[in-house]
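Structure first, commentary second.
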Amino acid sequence: MPIISPKSTPIFQTSVFTFDDLNELELYFEQPGQRYMYSRYANPNSDELANEVNKLEKGVGAIVTSSGMSAILAAILAICKAGDHVLCAEEIYGGSSALLTQELSRIGIEVTYVPSENTYSFDALVQPNTRLFLAETMSNPLLVVFDIRRLATETQKHNIKLVIDNTFATPIVTKPLGLGADIVIHSVTKYLSGHSDVTAGVVICKEEQDLQRVQKVMLTYGLNLSPFESWLAARGLKTLRLRMKQHCSNAQTIAEFLQGHPKVEQVWYPGLRKHPQHQLAKEQGSGLYGGMLSFRIKDDKEAVNRFMHGLEHIPFAPSLAGVSTSISYPLGTSHRSLSAAQQQKIGITAGVIRLSVGIEEDEELLADLVRGLANV
């Protein structure tokens with residue numbers, strides 16, 4: 001029989017692997033990592049994806065999960081138990097906020113949201129049972145850039161873990177572990193897979209002990225990713241570096257255009273010199289600023305509807321980071337679960353539109369935005 005050496009990893013679409021006898025079974029437990037038994041525990045496709053993401057983020061290892069939300073859940077439950085306390089940046093994805101406030105509170109994990117003015121001076125909010133601080137490299141949707149080195153200095157002072165959601169930036173833009181974070185999470189659904197055809201997450205750890213705890217949570221709660229989606233995501237990951245360069249280039253062009261448009265009241269993009277954390281983003285992001293931006297037209301839902309109807313090619317799709325550009329409406333989607341007071345405090349108003357900039361020709365995107373804004 002000829003030796004088969006596939007250039008692309010095959011799909012191991014199986015739930016279970018067989019053993020020859022009891023001796024082989026014992027070897028599985030005595031020598032972990034030498035072979036596979038059950039795909040909830042591990043699978044060649046999920047391992048490939050985890051290993052490749054870990055190389056990019058430079059951790060001790062990674063665990064892939066069934067979604068970005070399950071990655072956040074796994075990271076928190078790996079560190080926290082009932083009776084523990086979490087600090088969370090006020091500017092955070094609405095789904096993360098809902099998980100902490102509505103669900104984890106039910107099992108006895110408390111959360112305190114750290115106001116932006118106390119981001120790097122939260123001593124008064126730390127409790128004896130505080131276990132971690134959760135933040136994003138760039139916040140969703142208003143692109144607040146967090147100084148991860150400063151956050152790490154503060155969390156280390158209080159002996160709490162720093163967990164960073166790096167979905168918006170990706171490791172091509174920022175590597176949080178190298179800046180002092182303990183755990184990094186991604187919604188693989190977004191940039192890492194990149195083609196809007198996968199739902200997945202990943203947790204990358206700096207320390208082996210944390211990695212083992214994340215793996216235990218993933219196994220026990222059944223948060224594993226399927227072989228096929230692992231294979232798809234690993235395939236998409238191969239073009240991440242090329243895609244991100246184009247995402248960033250297009251986003252910069254569009255942000256500068258929107259900044260000068262008379263019907264746009266404000267633009268949030270770290271690549272703009274007017275952005276309050278522009279210099280930090282430049283240093284922390286190696287000169288790249290990501291493919292996400294948000295902007296505000298007048299605070300009128302009907303104006304937003306007219307803008308959407310004026311677009312011919314950019315769809316309204318409440319997700320992000322695909323190769324095709326799309327818009328989203330934070331007030332009605334990602335941050336819908338927040339109270340009106342919370343929405344107002346962090347700046348999620350009726351006129352805010354989030355733009356996930358794809359890799360198309362930027363002239364095409366600009367022409368479509370001109371059409372949409374003409375309707376406002």
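Residue numbers start at 1 in each chain; chains themselves are named A, B, ... in the order of the structure tokens; ligands are numbered from 1 in the order shown.
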
Write out as JSON lines the residues of stretch 307-357 of chain A that have any atom within 12 Å of an atom of stretch 257-281 of chain A, one row each with the nearest atom pair and its distance in Å to one decimal, counting only C-alpha atoms, sorted by chain and then rising number.
```
{"residue": "A:Phe307", "atom": "CA", "partner": "A:Lys263", "partner_atom": "CA", "distance": 10.7}
{"residue": "A:Gly347", "atom": "CA", "partner": "A:Trp268", "partner_atom": "CA", "distance": 11.2}
{"residue": "A:Thr349", "atom": "CA", "partner": "A:Gln266", "partner_atom": "CA", "distance": 11.8}
{"residue": "A:Gly351", "atom": "CA", "partner": "A:Glu265", "partner_atom": "CA", "distance": 9.2}
{"residue": "A:Val352", "atom": "CA", "partner": "A:Gln266", "partner_atom": "CA", "distance": 8.9}
{"residue": "A:Ile353", "atom": "CA", "partner": "A:Val267", "partner_atom": "CA", "distance": 9.7}
{"residue": "A:Arg354", "atom": "CA", "partner": "A:Trp268", "partner_atom": "CA", "distance": 9.3}
{"residue": "A:Leu355", "atom": "CA", "partner": "A:Trp268", "partner_atom": "CA", "distance": 10.2}
{"residue": "A:Ser356", "atom": "CA", "partner": "A:Tyr269", "partner_atom": "CA", "distance": 11.5}
{"residue": "A:Val357", "atom": "CA", "partner": "A:Tyr269", "partner_atom": "CA", "distance": 11.6}
```

A:Ala98 surroundings by only C-alpha atoms, 7 Å radius, close-in-sequence under 4 positions cut, as JSON, numbers by chain: {"A": [94, 102, 337]}

Gap from atom CA of A:Ala181 to atom CA of A:Leu293 - Å, one decimal: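 Atom-to-atom, atom CA of A:Ala181 to atom CA of A:Leu293, that is 24.3 Å.
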
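Going from atom CA of A:Ile183 over to atom CA of A:Ile204, you cover 5.7 Å.
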
Report as JSON lines the residues of stretch 54-146 of chain A within 9 Å of stretch 43-46 of chain A, each with its shortest atom pair and distance in Å (one decimal), using only C-alpha atoms, ordered by chain and increasing residue number.
```
{"residue": "A:Ile63", "atom": "CA", "partner": "A:Ser46", "partner_atom": "CA", "distance": 8.3}
{"residue": "A:Val64", "atom": "CA", "partner": "A:Ser46", "partner_atom": "CA", "distance": 6.5}
{"residue": "A:Thr65", "atom": "CA", "partner": "A:Ser46", "partner_atom": "CA", "distance": 8.8}
```

A:Leu320 environment, 9 Å, only C-alpha atoms, sequence neighbours closer than 6 positions dropped, as number ranges by chain: A: 189-191, 196, 292, 326-328, 355-357

Long-range neighbours of stretch 30-36 of chain A as an NGL selection string, 10 Å cut-off, only C-alpha atoms, 4 positions minimum in chain: :A and (16-19 or 24-26 or 41-44)

Restrict the selected residues to C-alpha atoms and save them as a CSV table (one decimal), in the first residue's frame.
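The resulting file, selection.csv, is shown below:
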```csv
chain,number,residue,atom,x,y,z
A,16,VAL,CA,-15.0,7.8,19.0
A,17,PHE,CA,-11.8,6.0,18.3
A,18,THR,CA,-11.3,2.2,18.7
A,19,PHE,CA,-8.8,0.2,20.8
A,24,GLU,CA,-4.1,-0.3,24.7
A,25,LEU,CA,-6.8,1.4,26.8
A,26,GLU,CA,-4.5,1.5,29.8
A,41,TYR,CA,-12.0,14.9,24.9
A,42,ALA,CA,-9.8,15.5,21.9
A,43,ASN,CA,-9.7,15.1,18.1
A,44,PRO,CA,-6.9,15.6,15.6
```

Contacts of A:Glu360 at 8 Å (only C-alpha atoms; same-chain gap of 2+ positions) as a PyMOL selection string: chain A and resi 323-325+358+362+364-365

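Between atom CA of A:Lys55 and atom CA of A:Cys88 the separation is 27.2 Å.
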
Residues of stretch 180-222 of chain A in strand (DSSP E or B), written as a list in words: Ile183, Val184, Ile185, His186, Ser187, Gly201, Val202, Val203, Ile204 and Cys205 of chain A

Could you save the residues just selected, with N, CA and C atoms, as a short mmCIF file (atom, residue, chain, number, x, y, z; two decimals), in the first residue's frame?
```cif
data_model
loop_
_atom_site.label_atom_id
_atom_site.label_comp_id
_atom_site.auth_asym_id
_atom_site.auth_seq_id
_atom_site.Cartn_x
_atom_site.Cartn_y
_atom_site.Cartn_z
N ILE A 183 -4.68 34.96 30.41
CA ILE A 183 -5.52 34.13 29.54
C ILE A 183 -6.05 35.02 28.41
N VAL A 184 -6.06 34.48 27.21
CA VAL A 184 -6.62 35.19 26.05
C VAL A 184 -7.74 34.34 25.47
N ILE A 185 -8.81 35.00 25.09
CA ILE A 185 -9.93 34.30 24.47
C ILE A 185 -10.25 34.93 23.12
N HIS A 186 -10.81 34.11 22.23
CA HIS A 186 -11.25 34.57 20.92
C HIS A 186 -12.60 33.94 20.59
N SER A 187 -13.41 34.70 19.91
CA SER A 187 -14.49 34.09 19.15
C SER A 187 -13.88 33.72 17.80
N GLY A 201 -14.83 28.92 19.41
CA GLY A 201 -14.08 29.78 20.32
C GLY A 201 -12.77 29.12 20.69
N VAL A 202 -11.89 29.87 21.35
CA VAL A 202 -10.62 29.31 21.80
C VAL A 202 -10.15 30.07 23.04
N VAL A 203 -9.49 29.33 23.94
CA VAL A 203 -8.89 29.90 25.14
C VAL A 203 -7.41 29.56 25.11
N ILE A 204 -6.54 30.57 25.25
CA ILE A 204 -5.09 30.36 25.25
C ILE A 204 -4.56 30.81 26.60
N CYS A 205 -3.69 30.00 27.20
CA CYS A 205 -3.21 30.29 28.55
C CYS A 205 -1.71 30.50 28.59
#
```

For A:Asn305, please output as a PDB file with all heavy atoms, in the first residue's frame all residues within 12 Å (counting only C-alpha atoms; exclusion window: fewer than 3 positions along the same chain).
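Result file part07.pdb:
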```pdb
ATOM      1  N   ILE A 297     -24.429  58.464  13.100  1.00  0.00           N
ATOM      2  CA  ILE A 297     -25.189  59.481  12.394  1.00  0.00           C
ATOM      3  C   ILE A 297     -26.173  60.048  13.420  1.00  0.00           C
ATOM      4  O   ILE A 297     -26.040  59.775  14.608  1.00  0.00           O
ATOM      5  CB  ILE A 297     -25.892  58.892  11.154  1.00  0.00           C
ATOM      6  CG1 ILE A 297     -26.792  57.700  11.547  1.00  0.00           C
ATOM      7  CG2 ILE A 297     -24.860  58.436  10.128  1.00  0.00           C
ATOM      8  CD1 ILE A 297     -27.573  57.116  10.389  1.00  0.00           C
ATOM      9  N   LYS A 298     -27.134  60.834  13.012  1.00  0.00           N
ATOM     10  CA  LYS A 298     -28.031  61.407  14.019  1.00  0.00           C
ATOM     11  C   LYS A 298     -28.795  60.303  14.740  1.00  0.00           C
ATOM     12  O   LYS A 298     -29.115  59.248  14.170  1.00  0.00           O
ATOM     13  CB  LYS A 298     -28.990  62.402  13.371  1.00  0.00           C
ATOM     14  CG  LYS A 298     -29.862  61.863  12.252  1.00  0.00           C
ATOM     15  CD  LYS A 298     -30.665  63.014  11.646  1.00  0.00           C
ATOM     16  CE  LYS A 298     -31.471  62.553  10.438  1.00  0.00           C
ATOM     17  NZ  LYS A 298     -32.203  63.673   9.822  1.00  0.00           N
ATOM     18  N   ASP A 299     -29.081  60.542  16.021  1.00  0.00           N
ATOM     19  CA  ASP A 299     -29.698  59.532  16.874  1.00  0.00           C
ATOM     20  C   ASP A 299     -31.184  59.370  16.565  1.00  0.00           C
ATOM     21  O   ASP A 299     -32.066  59.845  17.290  1.00  0.00           O
ATOM     22  CB  ASP A 299     -29.481  59.880  18.350  1.00  0.00           C
ATOM     23  CG  ASP A 299     -28.076  59.554  18.816  1.00  0.00           C
ATOM     24  OD1 ASP A 299     -27.513  58.566  18.320  1.00  0.00           O
ATOM     25  OD2 ASP A 299     -27.548  60.282  19.666  1.00  0.00           O
ATOM     26  N   ASP A 300     -31.440  58.673  15.480  1.00  0.00           N
ATOM     27  CA  ASP A 300     -32.799  58.469  14.986  1.00  0.00           C
ATOM     28  C   ASP A 300     -32.829  57.112  14.286  1.00  0.00           C
ATOM     29  O   ASP A 300     -32.143  56.901  13.283  1.00  0.00           O
ATOM     30  CB  ASP A 300     -33.161  59.604  14.023  1.00  0.00           C
ATOM     31  CG  ASP A 300     -34.528  59.428  13.384  1.00  0.00           C
ATOM     32  OD1 ASP A 300     -35.219  58.436  13.708  1.00  0.00           O
ATOM     33  OD2 ASP A 300     -34.891  60.272  12.545  1.00  0.00           O
ATOM     34  N   LYS A 301     -33.598  56.177  14.815  1.00  0.00           N
ATOM     35  CA  LYS A 301     -33.641  54.833  14.235  1.00  0.00           C
ATOM     36  C   LYS A 301     -34.096  54.846  12.778  1.00  0.00           C
ATOM     37  O   LYS A 301     -33.636  54.037  11.969  1.00  0.00           O
ATOM     38  CB  LYS A 301     -34.554  53.929  15.061  1.00  0.00           C
ATOM     39  CG  LYS A 301     -33.970  53.516  16.407  1.00  0.00           C
ATOM     40  CD  LYS A 301     -34.868  52.512  17.106  1.00  0.00           C
ATOM     41  CE  LYS A 301     -34.251  52.073  18.428  1.00  0.00           C
ATOM     42  NZ  LYS A 301     -35.119  51.089  19.142  1.00  0.00           N
ATOM     43  N   GLU A 302     -35.004  55.742  12.455  1.00  0.00           N
ATOM     44  CA  GLU A 302     -35.470  55.801  11.065  1.00  0.00           C
ATOM     45  C   GLU A 302     -34.361  56.275  10.133  1.00  0.00           C
ATOM     46  O   GLU A 302     -34.276  55.840   8.982  1.00  0.00           O
ATOM     47  CB  GLU A 302     -36.702  56.701  10.961  1.00  0.00           C
ATOM     48  CG  GLU A 302     -37.978  56.049  11.476  1.00  0.00           C
ATOM     49  CD  GLU A 302     -38.189  54.656  10.881  1.00  0.00           C
ATOM     50  OE1 GLU A 302     -38.136  54.519   9.635  1.00  0.00           O
ATOM     51  OE2 GLU A 302     -38.373  53.703  11.661  1.00  0.00           O
ATOM     52  N   MET A 308     -29.475  52.056   5.892  1.00  0.00           N
ATOM     53  CA  MET A 308     -29.380  50.641   5.520  1.00  0.00           C
ATOM     54  C   MET A 308     -30.037  50.366   4.172  1.00  0.00           C
ATOM     55  O   MET A 308     -29.496  49.638   3.337  1.00  0.00           O
ATOM     56  CB  MET A 308     -30.031  49.768   6.600  1.00  0.00           C
ATOM     57  CG  MET A 308     -29.269  49.723   7.905  1.00  0.00           C
ATOM     58  SD  MET A 308     -30.110  48.669   9.102  1.00  0.00           S
ATOM     59  CE  MET A 308     -28.941  48.724  10.472  1.00  0.00           C
ATOM     60  N   HIS A 309     -31.200  50.961   3.956  1.00  0.00           N
ATOM     61  CA  HIS A 309     -31.913  50.743   2.691  1.00  0.00           C
ATOM     62  C   HIS A 309     -31.174  51.366   1.505  1.00  0.00           C
ATOM     63  O   HIS A 309     -31.352  50.934   0.363  1.00  0.00           O
ATOM     64  CB  HIS A 309     -33.331  51.300   2.776  1.00  0.00           C
ATOM     65  CG  HIS A 309     -34.256  50.466   3.606  1.00  0.00           C
ATOM     66  ND1 HIS A 309     -34.535  49.152   3.319  1.00  0.00           N
ATOM     67  CD2 HIS A 309     -34.955  50.769   4.744  1.00  0.00           C
ATOM     68  CE1 HIS A 309     -35.374  48.669   4.227  1.00  0.00           C
ATOM     69  NE2 HIS A 309     -35.642  49.618   5.099  1.00  0.00           N
ATOM     70  N   GLY A 310     -30.349  52.367   1.783  1.00  0.00           N
ATOM     71  CA  GLY A 310     -29.594  52.998   0.705  1.00  0.00           C
ATOM     72  C   GLY A 310     -28.380  52.206   0.260  1.00  0.00           C
ATOM     73  O   GLY A 310     -27.821  52.465  -0.808  1.00  0.00           O
ATOM     74  N   LEU A 311     -27.974  51.240   1.061  1.00  0.00           N
ATOM     75  CA  LEU A 311     -26.826  50.403   0.706  1.00  0.00           C
ATOM     76  C   LEU A 311     -27.234  49.344  -0.310  1.00  0.00           C
ATOM     77  O   LEU A 311     -28.285  48.721  -0.182  1.00  0.00           O
ATOM     78  CB  LEU A 311     -26.262  49.723   1.956  1.00  0.00           C
ATOM     79  CG  LEU A 311     -25.741  50.646   3.062  1.00  0.00           C
ATOM     80  CD1 LEU A 311     -25.428  49.832   4.317  1.00  0.00           C
ATOM     81  CD2 LEU A 311     -24.508  51.411   2.601  1.00  0.00           C
ATOM     82  N   PHE A 316     -26.817  44.145   6.330  1.00  0.00           N
ATOM     83  CA  PHE A 316     -27.007  44.280   7.776  1.00  0.00           C
ATOM     84  C   PHE A 316     -26.954  42.870   8.345  1.00  0.00           C
ATOM     85  O   PHE A 316     -27.862  42.063   8.139  1.00  0.00           O
ATOM     86  CB  PHE A 316     -28.355  44.955   8.048  1.00  0.00           C
ATOM     87  CG  PHE A 316     -28.772  44.954   9.503  1.00  0.00           C
ATOM     88  CD1 PHE A 316     -27.835  45.077  10.520  1.00  0.00           C
ATOM     89  CD2 PHE A 316     -30.108  44.847   9.842  1.00  0.00           C
ATOM     90  CE1 PHE A 316     -28.227  45.086  11.859  1.00  0.00           C
ATOM     91  CE2 PHE A 316     -30.517  44.867  11.175  1.00  0.00           C
ATOM     92  CZ  PHE A 316     -29.582  44.986  12.182  1.00  0.00           C
ATOM     93  N   ILE A 327     -22.642  45.573   8.208  1.00  0.00           N
ATOM     94  CA  ILE A 327     -22.930  46.526   9.273  1.00  0.00           C
ATOM     95  C   ILE A 327     -23.769  45.858  10.344  1.00  0.00           C
ATOM     96  O   ILE A 327     -24.463  44.873  10.098  1.00  0.00           O
ATOM     97  CB  ILE A 327     -23.647  47.795   8.757  1.00  0.00           C
ATOM     98  CG1 ILE A 327     -24.999  47.433   8.122  1.00  0.00           C
ATOM     99  CG2 ILE A 327     -22.781  48.568   7.791  1.00  0.00           C
ATOM    100  CD1 ILE A 327     -25.870  48.650   7.843  1.00  0.00           C
ATOM    101  N   SER A 328     -23.680  46.398  11.549  1.00  0.00           N
ATOM    102  CA  SER A 328     -24.481  45.907  12.655  1.00  0.00           C
ATOM    103  C   SER A 328     -25.002  47.103  13.444  1.00  0.00           C
ATOM    104  O   SER A 328     -24.500  48.230  13.299  1.00  0.00           O
ATOM    105  CB  SER A 328     -23.662  44.975  13.547  1.00  0.00           C
ATOM    106  OG  SER A 328     -24.482  44.382  14.537  1.00  0.00           O
ATOM    107  N   TYR A 329     -25.982  46.829  14.284  1.00  0.00           N
ATOM    108  CA  TYR A 329     -26.639  47.885  15.051  1.00  0.00           C
ATOM    109  C   TYR A 329     -26.582  47.509  16.531  1.00  0.00           C
ATOM    110  O   TYR A 329     -27.433  46.764  17.019  1.00  0.00           O
ATOM    111  CB  TYR A 329     -28.084  48.039  14.568  1.00  0.00           C
ATOM    112  CG  TYR A 329     -28.817  49.222  15.168  1.00  0.00           C
ATOM    113  CD1 TYR A 329     -28.355  50.522  14.960  1.00  0.00           C
ATOM    114  CD2 TYR A 329     -29.967  49.039  15.921  1.00  0.00           C
ATOM    115  CE1 TYR A 329     -29.026  51.609  15.496  1.00  0.00           C
ATOM    116  CE2 TYR A 329     -30.646  50.124  16.461  1.00  0.00           C
ATOM    117  CZ  TYR A 329     -30.172  51.404  16.250  1.00  0.00           C
ATOM    118  OH  TYR A 329     -30.831  52.485  16.775  1.00  0.00           O
ATOM    119  N   ALA A 350     -28.913  55.586  19.619  1.00  0.00           N
ATOM    120  CA  ALA A 350     -29.725  55.146  18.478  1.00  0.00           C
ATOM    121  C   ALA A 350     -29.026  55.337  17.137  1.00  0.00           C
ATOM    122  O   ALA A 350     -29.367  54.675  16.152  1.00  0.00           O
ATOM    123  CB  ALA A 350     -31.063  55.875  18.481  1.00  0.00           C
ATOM    124  N   GLY A 351     -28.053  56.225  17.078  1.00  0.00           N
ATOM    125  CA  GLY A 351     -27.411  56.497  15.795  1.00  0.00           C
ATOM    126  C   GLY A 351     -26.102  55.778  15.577  1.00  0.00           C
ATOM    127  O   GLY A 351     -25.433  55.995  14.559  1.00  0.00           O
ATOM    128  N   VAL A 352     -25.710  54.900  16.504  1.00  0.00           N
ATOM    129  CA  VAL A 352     -24.414  54.214  16.396  1.00  0.00           C
ATOM    130  C   VAL A 352     -24.531  52.994  15.478  1.00  0.00           C
ATOM    131  O   VAL A 352     -25.383  52.130  15.678  1.00  0.00           O
ATOM    132  CB  VAL A 352     -23.895  53.788  17.774  1.00  0.00           C
ATOM    133  CG1 VAL A 352     -22.648  52.907  17.634  1.00  0.00           C
ATOM    134  CG2 VAL A 352     -23.570  55.014  18.627  1.00  0.00           C
ATOM    135  N   ILE A 353     -23.656  52.937  14.500  1.00  0.00           N
ATOM    136  CA  ILE A 353     -23.600  51.824  13.544  1.00  0.00           C
ATOM    137  C   ILE A 353     -22.207  51.224  13.604  1.00  0.00           C
ATOM    138  O   ILE A 353     -21.206  51.947  13.584  1.00  0.00           O
ATOM    139  CB  ILE A 353     -23.888  52.322  12.111  1.00  0.00           C
ATOM    140  CG1 ILE A 353     -25.304  52.905  12.030  1.00  0.00           C
ATOM    141  CG2 ILE A 353     -23.707  51.198  11.094  1.00  0.00           C
ATOM    142  CD1 ILE A 353     -25.553  53.698  10.755  1.00  0.00           C
ATOM    143  N   GLY A 372     -25.572  55.055   0.917  1.00  0.00           N
ATOM    144  CA  GLY A 372     -26.319  54.937   2.156  1.00  0.00           C
ATOM    145  C   GLY A 372     -26.465  56.254   2.876  1.00  0.00           C
ATOM    146  O   GLY A 372     -27.562  56.615   3.342  1.00  0.00           O
ATOM    147  N   LEU A 373     -25.379  57.008   2.975  1.00  0.00           N
ATOM    148  CA  LEU A 373     -25.427  58.280   3.690  1.00  0.00           C
ATOM    149  C   LEU A 373     -26.269  59.327   2.955  1.00  0.00           C
ATOM    150  O   LEU A 373     -26.814  60.247   3.586  1.00  0.00           O
ATOM    151  CB  LEU A 373     -23.997  58.794   3.896  1.00  0.00           C
ATOM    152  CG  LEU A 373     -23.180  58.000   4.927  1.00  0.00           C
ATOM    153  CD1 LEU A 373     -21.709  58.389   4.863  1.00  0.00           C
ATOM    154  CD2 LEU A 373     -23.728  58.214   6.333  1.00  0.00           C
ATOM    155  N   ASN A 375     -29.083  58.839   1.898  1.00  0.00           N
ATOM    156  CA  ASN A 375     -30.457  58.613   2.334  1.00  0.00           C
ATOM    157  C   ASN A 375     -30.764  59.186   3.717  1.00  0.00           C
ATOM    158  O   ASN A 375     -31.906  59.216   4.143  1.00  0.00           O
ATOM    159  CB  ASN A 375     -30.763  57.107   2.363  1.00  0.00           C
ATOM    160  CG  ASN A 375     -31.283  56.588   1.056  1.00  0.00           C
ATOM    161  OD1 ASN A 375     -31.180  57.250   0.029  1.00  0.00           O
ATOM    162  ND2 ASN A 375     -31.864  55.395   1.074  1.00  0.00           N
ATOM    163  N   VAL A 376     -29.714  59.566   4.433  1.00  0.00           N
ATOM    164  CA  VAL A 376     -29.897  59.990   5.822  1.00  0.00           C
ATOM    165  C   VAL A 376     -30.425  61.429   5.868  1.00  0.00           C
ATOM    166  O   VAL A 376     -29.877  62.299   5.190  1.00  0.00           O
ATOM    167  CB  VAL A 376     -28.560  59.898   6.587  1.00  0.00           C
ATOM    168  CG1 VAL A 376     -28.711  60.454   7.995  1.00  0.00           C
ATOM    169  CG2 VAL A 376     -28.083  58.449   6.640  1.00  0.00           C
TER     170      VAL A 376
END
```

Shell of 9 Å around A:Arg243, only C-alpha atoms, local chain residues under 2 positions omitted, as a PyMOL selection string: chain A and resi 191+194+239-241+245-248+323+358-359

Closest contacts (stretch 53-157 of chain A/stretch 216-227 of chain A, max 9 Å, only C-alpha atoms) as JSON lines:
```
{"residue": "A:Ile63", "atom": "CA", "partner": "A:Met218", "partner_atom": "CA", "distance": 8.0}
{"residue": "A:Val64", "atom": "CA", "partner": "A:Leu225", "partner_atom": "CA", "distance": 6.3}
{"residue": "A:Thr65", "atom": "CA", "partner": "A:Asn224", "partner_atom": "CA", "distance": 4.7}
{"residue": "A:Ser66", "atom": "CA", "partner": "A:Leu225", "partner_atom": "CA", "distance": 4.4}
{"residue": "A:Ser67", "atom": "CA", "partner": "A:Leu225", "partner_atom": "CA", "distance": 7.9}
{"residue": "A:Ser70", "atom": "CA", "partner": "A:Leu223", "partner_atom": "CA", "distance": 6.3}
{"residue": "A:Ala71", "atom": "CA", "partner": "A:Leu223", "partner_atom": "CA", "distance": 8.2}
{"residue": "A:Leu73", "atom": "CA", "partner": "A:Val217", "partner_atom": "CA", "distance": 8.9}
{"residue": "A:Ala74", "atom": "CA", "partner": "A:Val217", "partner_atom": "CA", "distance": 5.8}
{"residue": "A:Ala75", "atom": "CA", "partner": "A:Val217", "partner_atom": "CA", "distance": 8.5}
{"residue": "A:Leu77", "atom": "CA", "partner": "A:Val217", "partner_atom": "CA", "distance": 6.9}
{"residue": "A:Ala78", "atom": "CA", "partner": "A:Val217", "partner_atom": "CA", "distance": 6.3}
```

Include C-alpha atoms and write out the residues we just selected as a short mmCIF file (atom, residue, chain, number, x, y, z; two decimals), in the first residue's frame.
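Okay, this is what ended up in out-v8.cif:
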```cif
data_model
loop_
_atom_site.label_atom_id
_atom_site.label_comp_id
_atom_site.auth_asym_id
_atom_site.auth_seq_id
_atom_site.Cartn_x
_atom_site.Cartn_y
_atom_site.Cartn_z
CA ILE A 63 -8.37 24.75 24.13
CA VAL A 64 -10.95 25.16 21.38
CA THR A 65 -14.63 25.42 22.25
CA SER A 66 -18.01 25.44 20.54
CA SER A 67 -18.38 29.25 20.39
CA SER A 70 -18.34 29.09 25.56
CA ALA A 71 -14.70 30.24 25.49
CA LEU A 73 -17.51 30.77 30.06
CA ALA A 74 -14.67 28.22 30.17
CA ALA A 75 -12.09 30.89 31.02
CA LEU A 77 -15.18 28.94 35.34
CA ALA A 78 -11.57 27.74 35.16
#
```

Backbone DSSP call of alpha helix (DSSP H) for stretch 104-258 of chain A, listed as a ChimeraX atom specification: /A:148-157,170-173,208-221,227-237,240-258

Per residue of stretch 7-118 of chain A within 10 Å of stretch 131-146 of chain A, what are the shortest atom pair and its distance in Å to one decimal, counting only C-alpha atoms, with rows by chain and residue number, as CSV?
```
residue,atom,partner,partner_atom,distance
A:Ile72,CA,A:Leu134,CA,9.4
A:Ala75,CA,A:Leu134,CA,9.9
A:Ile76,CA,A:Leu132,CA,7.9
A:Ile79,CA,A:Arg131,CA,6.8
A:Cys80,CA,A:Arg131,CA,6.4
A:Lys81,CA,A:Arg131,CA,9.3
A:Asp84,CA,A:Arg131,CA,6.6
A:His85,CA,A:Arg131,CA,6.0
A:Val86,CA,A:Leu132,CA,5.3
A:Leu87,CA,A:Phe133,CA,4.6
A:Cys88,CA,A:Leu134,CA,4.7
A:Ala89,CA,A:Ala135,CA,5.2
A:Glu90,CA,A:Ala135,CA,8.5
A:Glu91,CA,A:Ser139,CA,5.9
A:Ile92,CA,A:Ser139,CA,5.8
A:Tyr93,CA,A:Asn140,CA,5.2
A:Gly94,CA,A:Asn140,CA,8.2
A:Ser96,CA,A:Leu134,CA,9.2
A:Val111,CA,A:Phe133,CA,9.7
A:Thr112,CA,A:Phe133,CA,9.6
A:Tyr113,CA,A:Leu134,CA,9.5
A:Val114,CA,A:Phe133,CA,9.3
A:Ser116,CA,A:Val144,CA,9.4
```
